[in-house]
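Below is upload33.cif, holding mmCIF, C-alpha atoms.
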```cif
data_work
loop_
_atom_site.label_atom_id
_atom_site.label_comp_id
_atom_site.auth_asym_id
_atom_site.auth_seq_id
_atom_site.Cartn_x
_atom_site.Cartn_y
_atom_site.Cartn_z
CA MET A 228 89.80 130.93 57.07
CA THR A 229 90.97 133.98 55.11
CA LYS A 230 94.37 135.54 55.53
CA PHE A 231 92.80 138.59 57.16
CA SER A 232 90.69 136.62 59.61
CA LEU A 233 93.65 134.41 60.59
CA ALA A 234 95.80 137.45 61.33
CA THR A 235 92.97 139.01 63.32
CA PHE A 236 92.51 135.81 65.32
CA LEU A 237 96.23 135.59 66.18
CA ILE A 238 96.32 139.22 67.30
CA LEU A 239 93.28 138.75 69.53
CA LEU A 240 94.68 135.51 70.91
CA ALA A 241 98.02 137.13 71.72
CA GLY A 242 96.36 140.01 73.56
CA CYS A 243 93.87 138.12 75.73
CA GLN A 244 94.34 136.56 79.16
CA PRO A 245 95.45 133.84 79.68
CA PHE A 246 96.77 133.84 76.09
CA LYS A 247 99.13 136.79 76.24
CA SER A 248 102.03 136.39 73.86
CA ARG A 249 104.61 136.61 76.66
CA TYR A 250 103.08 133.70 78.51
CA ALA A 251 106.18 132.48 80.40
CA MET A 252 107.43 135.59 82.17
CA ASP A 253 107.55 133.61 85.44
CA ASP A 254 110.63 131.81 84.04
CA ARG A 255 113.80 133.88 84.34
CA GLU A 256 115.34 132.74 81.03
CA TYR A 257 112.19 133.41 79.05
CA ALA A 258 111.72 136.74 80.85
CA ALA A 259 115.27 137.82 80.04
CA LYS A 260 114.83 136.92 76.35
CA TYR A 261 111.56 138.79 75.95
CA ALA A 262 111.97 141.54 78.55
CA GLU A 263 111.10 144.31 76.10
CA GLY A 264 108.48 142.40 74.16
CA ALA A 265 107.32 142.81 70.59
CA GLU A 266 105.80 146.04 69.34
CA PRO A 267 101.97 146.14 69.36
CA GLY A 268 101.74 145.71 65.59
CA ASP A 269 104.52 143.12 65.27
CA LEU A 270 102.51 139.97 64.58
CA VAL A 271 105.60 137.88 63.80
CA GLY A 272 107.30 138.95 67.03
CA LYS A 273 104.20 138.32 69.13
CA THR A 274 103.69 134.92 67.53
CA LYS A 275 107.30 133.99 68.29
CA GLN A 276 106.84 134.99 71.94
CA ALA A 277 103.59 133.05 72.14
CA ILE A 278 104.96 129.72 70.87
CA ASP A 279 108.62 129.73 71.99
CA ALA A 280 109.35 127.12 74.70
CA ARG A 281 113.11 126.78 74.37
CA HIS A 282 113.39 128.04 77.95
CA VAL A 283 112.35 124.58 79.24
CA ALA A 284 115.92 123.22 78.89
CA GLY A 285 117.18 122.58 82.41
CA LEU A 286 113.75 122.52 84.05
CA GLY A 287 112.82 119.71 86.42
CA GLY A 288 109.57 119.14 88.24
CA VAL A 289 107.12 116.96 90.08
CA TYR A 290 104.14 115.52 88.23
CA ALA A 291 100.91 113.68 88.97
CA SER A 292 98.92 111.76 86.39
CA GLY A 293 95.89 109.54 86.04
CA ALA A 294 95.01 107.07 83.29
CA GLY A 295 92.32 104.70 82.12
CA GLN A 296 91.76 102.03 79.50
CA TYR A 297 90.87 102.95 75.94
CA SER A 298 90.69 99.44 74.48
CA GLY A 299 92.50 96.13 74.71
CA ASP A 300 92.37 92.41 74.10
CA SER A 301 91.61 91.66 77.73
CA ASN A 302 88.37 93.68 77.78
CA LYS A 303 89.02 94.50 81.42
CA PRO A 304 88.83 97.92 83.04
CA VAL A 305 92.19 99.53 83.70
CA VAL A 306 92.78 102.54 85.94
CA GLY A 307 96.02 103.97 87.20
CA ALA A 308 97.72 106.83 89.02
CA GLU A 309 101.33 107.98 89.01
CA VAL A 310 103.51 110.55 90.75
CA GLY A 311 107.10 111.25 89.82
CA TYR A 312 109.81 113.58 88.58
CA GLU A 313 110.48 114.81 85.04
CA TYR A 314 113.57 116.62 83.74
CA TYR A 315 114.45 118.45 80.50
CA PRO A 316 118.15 118.05 79.62
CA THR A 317 117.32 119.90 76.37
CA SER A 318 114.33 121.89 75.14
CA TYR A 319 113.12 119.00 72.97
CA PHE A 320 113.84 115.94 75.15
CA SER A 321 112.61 114.94 78.61
CA GLN A 322 113.11 111.99 80.95
CA ARG A 323 111.01 110.88 83.89
CA ILE A 324 110.72 108.37 86.72
CA GLY A 325 107.59 107.73 88.72
CA GLY A 326 105.82 105.45 91.13
CA THR A 327 102.71 103.87 89.63
CA LEU A 328 99.62 102.03 90.84
CA LEU A 329 97.51 100.14 88.30
CA TYR A 330 94.41 97.98 88.52
CA ASN A 331 93.38 95.86 85.54
CA GLY A 332 90.06 94.52 86.78
CA ASP A 333 91.57 91.42 88.41
CA LEU A 334 94.83 92.40 90.06
CA PRO A 335 96.51 95.49 91.49
CA TYR A 336 99.99 96.38 90.29
CA ALA A 337 102.54 98.65 91.98
CA GLY A 338 105.82 99.63 90.42
CA VAL A 339 108.22 102.08 88.86
CA ASP A 340 107.68 103.74 85.49
CA LEU A 341 110.62 105.00 83.40
CA GLY A 342 110.14 107.04 80.24
CA ALA A 343 111.56 109.47 77.71
CA ARG A 344 109.86 111.85 75.27
CA LEU A 345 110.94 113.69 72.13
CA GLN A 346 108.95 116.84 71.46
CA SER A 347 108.94 120.21 69.75
CA PRO A 348 110.33 123.16 71.79
CA THR A 349 107.03 125.01 71.53
CA ARG A 350 104.24 126.04 73.90
CA PHE A 351 101.90 123.49 72.33
CA ALA A 352 104.24 120.54 71.92
CA PRO A 353 103.29 117.23 70.29
CA PHE A 354 105.56 114.40 71.39
CA VAL A 355 106.45 110.75 70.90
CA GLY A 356 108.05 108.61 73.55
CA VAL A 357 108.88 105.22 74.97
CA GLY A 358 108.61 103.82 78.47
CA MET A 359 108.83 100.80 80.71
CA PHE A 360 106.76 99.77 83.72
CA ASN A 361 108.40 97.41 86.23
CA GLY A 362 105.95 96.19 88.82
CA ILE A 363 104.88 93.68 91.40
CA ILE A 364 101.50 92.10 92.02
CA PRO A 365 100.93 92.45 95.76
CA THR A 366 98.85 89.89 97.62
CA LEU A 367 96.61 91.71 100.04
CA SER A 368 94.95 88.74 101.76
CA ALA A 369 96.72 85.49 100.91
CA ASN A 370 95.64 82.41 102.84
CA ALA A 371 98.16 81.70 105.61
CA GLU A 372 96.45 78.93 107.60
CA ASP A 373 99.28 76.44 107.08
CA ASP A 374 102.61 78.29 107.04
CA ASN A 375 103.64 77.74 110.69
CA ALA A 376 103.78 81.49 111.37
CA ASP A 377 101.76 84.00 113.39
CA ASN A 378 101.16 86.32 110.47
CA ASP A 379 98.59 88.55 112.17
CA GLN A 380 100.54 88.81 115.42
CA ASP A 381 97.64 87.71 117.62
CA GLY A 382 99.50 84.97 119.53
CA ALA A 383 97.98 82.06 117.55
CA VAL A 384 99.67 80.16 114.72
CA ASP A 385 97.75 78.98 111.66
CA GLU A 386 94.28 79.66 113.02
CA ASP A 387 91.28 79.46 110.70
CA GLY A 388 91.02 82.46 108.40
CA GLU A 389 94.57 83.71 108.97
CA THR A 390 95.92 85.75 106.07
CA ASP A 391 99.17 87.41 105.13
CA TRP A 392 100.54 90.12 102.87
CA GLY A 393 103.00 89.26 100.17
CA ILE A 394 104.00 89.42 96.52
CA ASN A 395 102.05 87.29 94.09
CA GLY A 396 104.19 87.96 91.04
CA TYR A 397 106.18 90.37 88.91
CA THR A 398 105.40 92.07 85.64
CA VAL A 399 107.17 94.20 83.05
CA ALA A 400 105.53 96.21 80.30
CA VAL A 401 107.10 98.34 77.58
CA TYR A 402 105.16 100.90 75.60
CA PRO A 403 105.32 103.44 72.80
CA GLU A 404 103.64 106.72 73.65
CA PHE A 405 102.33 109.78 71.86
CA GLY A 406 100.54 112.91 73.03
CA ALA A 407 100.88 116.64 73.48
CA HIS A 408 101.98 119.17 76.09
CA PHE A 409 100.60 122.64 76.66
CA TRP A 410 102.54 125.14 78.77
CA ILE A 411 100.08 127.09 80.91
CA ASN A 412 102.89 129.46 81.88
CA GLY A 413 106.67 129.18 82.18
CA THR A 414 106.63 126.51 84.88
CA GLY A 415 103.27 124.74 84.67
CA ARG A 416 102.56 122.17 81.95
CA ALA A 417 99.47 120.08 81.15
CA THR A 418 99.81 116.84 79.18
CA VAL A 419 97.55 114.30 77.49
CA TYR A 420 98.97 110.98 76.31
CA SER A 421 98.19 107.56 74.91
CA ARG A 422 100.31 104.45 75.60
CA TYR A 423 100.15 100.90 74.32
CA PHE A 424 101.33 98.55 77.05
CA VAL A 425 102.97 95.36 75.76
CA SER A 426 102.94 93.11 78.83
CA SER A 427 105.23 90.28 79.87
CA ALA A 428 102.06 88.56 81.11
CA GLY A 429 100.97 87.84 77.52
CA ARG A 430 99.08 89.46 74.68
CA ASP A 431 95.73 89.16 76.48
CA GLN A 432 97.10 91.72 78.96
CA ASP A 433 98.19 94.28 76.32
CA GLN A 434 96.31 97.55 76.70
CA TRP A 435 95.76 100.99 75.19
CA ILE A 436 95.88 103.56 77.99
CA LEU A 437 94.75 107.20 77.82
CA GLY A 438 95.94 109.60 80.50
CA GLY A 439 96.50 113.14 81.64
CA GLN A 440 99.41 114.67 83.54
CA MET A 441 100.08 117.94 85.36
CA THR A 442 103.67 119.00 86.08
CA ILE A 443 105.09 121.92 88.05
CA PHE A 444 108.69 122.74 87.11
CA SER A 445 111.48 124.81 88.63
CA ARG A 446 115.20 125.46 88.02
#
```
Starting from the file, give its structure as structure tokens.
Amino acid sequence: MTKFSLATFLILLAGCQPFKSRYAMDDREYAAKYAEGAEPGDLVGKTKQAIDARHVAGLGGVYASGAGQYSGDSNKPVVGAEVGYEYYPTSYFSQRIGGTLLYNGDLPYAGVDLGARLQSPTRFAPFVGVGMFNGIIPTLSANAEDDNADNDQDGAVDEDGETDWGINGYTVAVYPEFGAHFWINGTGRATVYSRYFVSSAGRDQDQWILGGQMTIFSR
């Protein structure tokens, strides 16, 4: 792309909805910084407005994400969902905690996910991170015909076919992560990520996971 065509593209991008250069005017700190805005012909100023995301320091918000398997030694389908809270102590570093449900083709997992990400303080922000999943393997219909208890509360003990809920095991997985954020405006952020789960259950349970996340922040 020539120098002229690149400049033309950036000017058009900065002036079009939803790609206006002052994209985060719904955030008070960003709005205060760029209240006057760059002059119409100031390409450098408009570019700075369009990519600056230093206002995110101090933001916290609720997120929802979904994920699926990319590849893995187990060759089993993996799907997951997560909701949680993410916080930016600085413009380039975030921390999060969430509740996660995973299914690996054989067993369901439920647990808590903890993570941290290091990223550029820009509107489009590549990142790297690390995380840990701490979970349980719930038993949804364990056989309870011989435990001397009325598990289904029907007045009969150890009848044929009686089942019970319980916990079948525990699991821990750590993972490196990489991906990218894109700030839709000053408080809404879309994310795509890839994680490699290294499981305490053994290498046949290690998995590549691809996912997407949407977060709404506030001060």
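Distances from A:Tyr397, A:Tyr402, A:Trp410, A:Tyr312 to A:Asp279 were compared using all atoms listed in the file, and the smallest one belongs to A:Trp410.
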Report as an MDAnalysis selection string the residues that result from applying the PyMOL selection byres ((chain A and resi 411) around 10) to the structure here. chainID A and resid 245:246 250:251 350:351 408:410 412:417
Neighbour list for A:Tyr314 as a list in words, cut-off 10 Å, all atoms listed in the file, skip fewer than 6 positions in-chain: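 Once the nearby chain positions are removed, what remains is Val283, Ala284, Gly285, Leu286, Gly287, Gly288, Val289, Phe320, Ser321, Gln322, Arg323, Ile324, Ala343, Phe444, Ser445 and Arg446 of chain A.
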Quick one: everything within 7 Å of A:Phe405, counting only C-alpha atoms, minus sequence neighbours fewer than 6 positions away in the same chain. Send it as a PyMOL selection string. chain A and resi 354-356+420-422
Could you check how far atom CA of A:Phe424 sits from atom CA of A:Pro403, in Å to one decimal? 7.6 Å
